[in-house]
Amino acid sequence: MSRKNKLYLLLAGFFITNAILGELIGSKLIQIGPFVMSMGVLPWPIVLIATDLINEYFGKDGIKKLTFITVGLIVYAFVVLTLAMQVPAASFSPVSAEQFNAVFGQSQWIIVGSIIAFLMSQFVDVYVFSYFLQKTNGKYLWLRASGSTAISQLMDSFCIVGIAFWLPGKVQTSEFLNVAFSNYSYKFLIAVAATPVIYIAHYYVDKYLAGEELEK
């Protein structure tokens, strides 16, 4: 297997794992000062970094393919959770059926919302990233990385919180706006803060792939 294929598998693994983790833990809301966020935003920086690196080295086709695979796996997780909630808990189970369903039942709404938000935001991210890449002739990595994230995650944050929490009546409109703005602010700040990480990763990936050329 070539080094480039190994790199794609590694990035895809981190991308998919953290995207699914975000679905499973997203029903818990946390408060940091005045900001209320979904716990699902915690693994999202890894998804953002992986997205930028896949965009950079594998282009539109690479990230589109991975997006559809991830959506398929999220749907699979949705089906498994739905089936699991139909099975009664044993009398001595440390987790009752009610507790299990209370957690993963809410995750179903998050999965529905995130599939829609994920598809929309990923395709926006791909095209914005490509636009900046072409307009700058491959320069200003920070601009295409943070710029694509800033635009795509605005859509993602409001869409997923709206479908997962506001539409089913779990939160009021003011709470929905608070959570959506908080989620977006967190993702935007992480995107900016992760810029040095992107440059460092870019350096080592270039070095790693250059090693493949030397071996030929």
# chains A, B, ... in the order shown; residues from 1 in each chain; ligands from 1
$ residues_around --residues "segment 59-67 of chain A" --least-positions-apart "6" --cutoff "10 Å" --atoms "only C-alpha atoms" --output "ChimeraX atom specification"
/A:8,11-13,15-16,50-53,73,115,118-119,122-123,125-127,129-130
$ select_by_dssp --residues "segment 20-209 of chain A" --states "strand (DSSP E or B)" --output "list in words"
Leu29, Ile30, Gln31, Ile32, Phe35, Val36, Met37 and Ser38 of chain A
$ residues_around --residues "Tyr199 of chain A" --least-positions-apart "3" --cutoff "12 Å" --atoms "only C-alpha atoms" --output "list in words"
Ile49, Asp52, Leu53, Glu56, Tyr140, Leu141, Trp142, Leu143, Ala145, Ser146, Val192, Ala193, Ala194, Thr195, Pro196, His202, Tyr203, Tyr204, Val205 and Asp206 of chain A
$ atom_distance --atom1 "atom CA of Arg3 of chain A" --atom2 "atom CA of Lys207 of chain A"
11.1 Å
$ atom_distance --atom1 "atom CA of Asp156 of chain A" --atom2 "atom CA of Ile54 of chain A"
18.9 Å
$ select_by_dssp --residues "segment 64-195 of chain A" --states "alpha helix (DSSP H)" --output "ChimeraX atom specification"
/A:64-86,97-135,141-161,173-193,195
$ atom_distance --atom1 "atom CA of Ala89 of chain A" --atom2 "atom CA of Ile30 of chain A"
28.4 Å
$ residues_around --residues "segment 96-105 of chain A" --least-positions-apart "3" --cutoff "10 Å" --atoms "only C-alpha atoms" --output "count of residues only"
22
$ closest_residue --among "A:Ser148, A:Pro45, A:Phe35, A:Ile111" --to "Ile163 of chain A" --atoms "only C-alpha atoms"
A:Ile111
$ closest_residue --among "A:Leu10, A:Ala150, A:Ala164, A:Leu29" --to "Val41 of chain A" --atoms "only C-alpha atoms"
A:Leu29
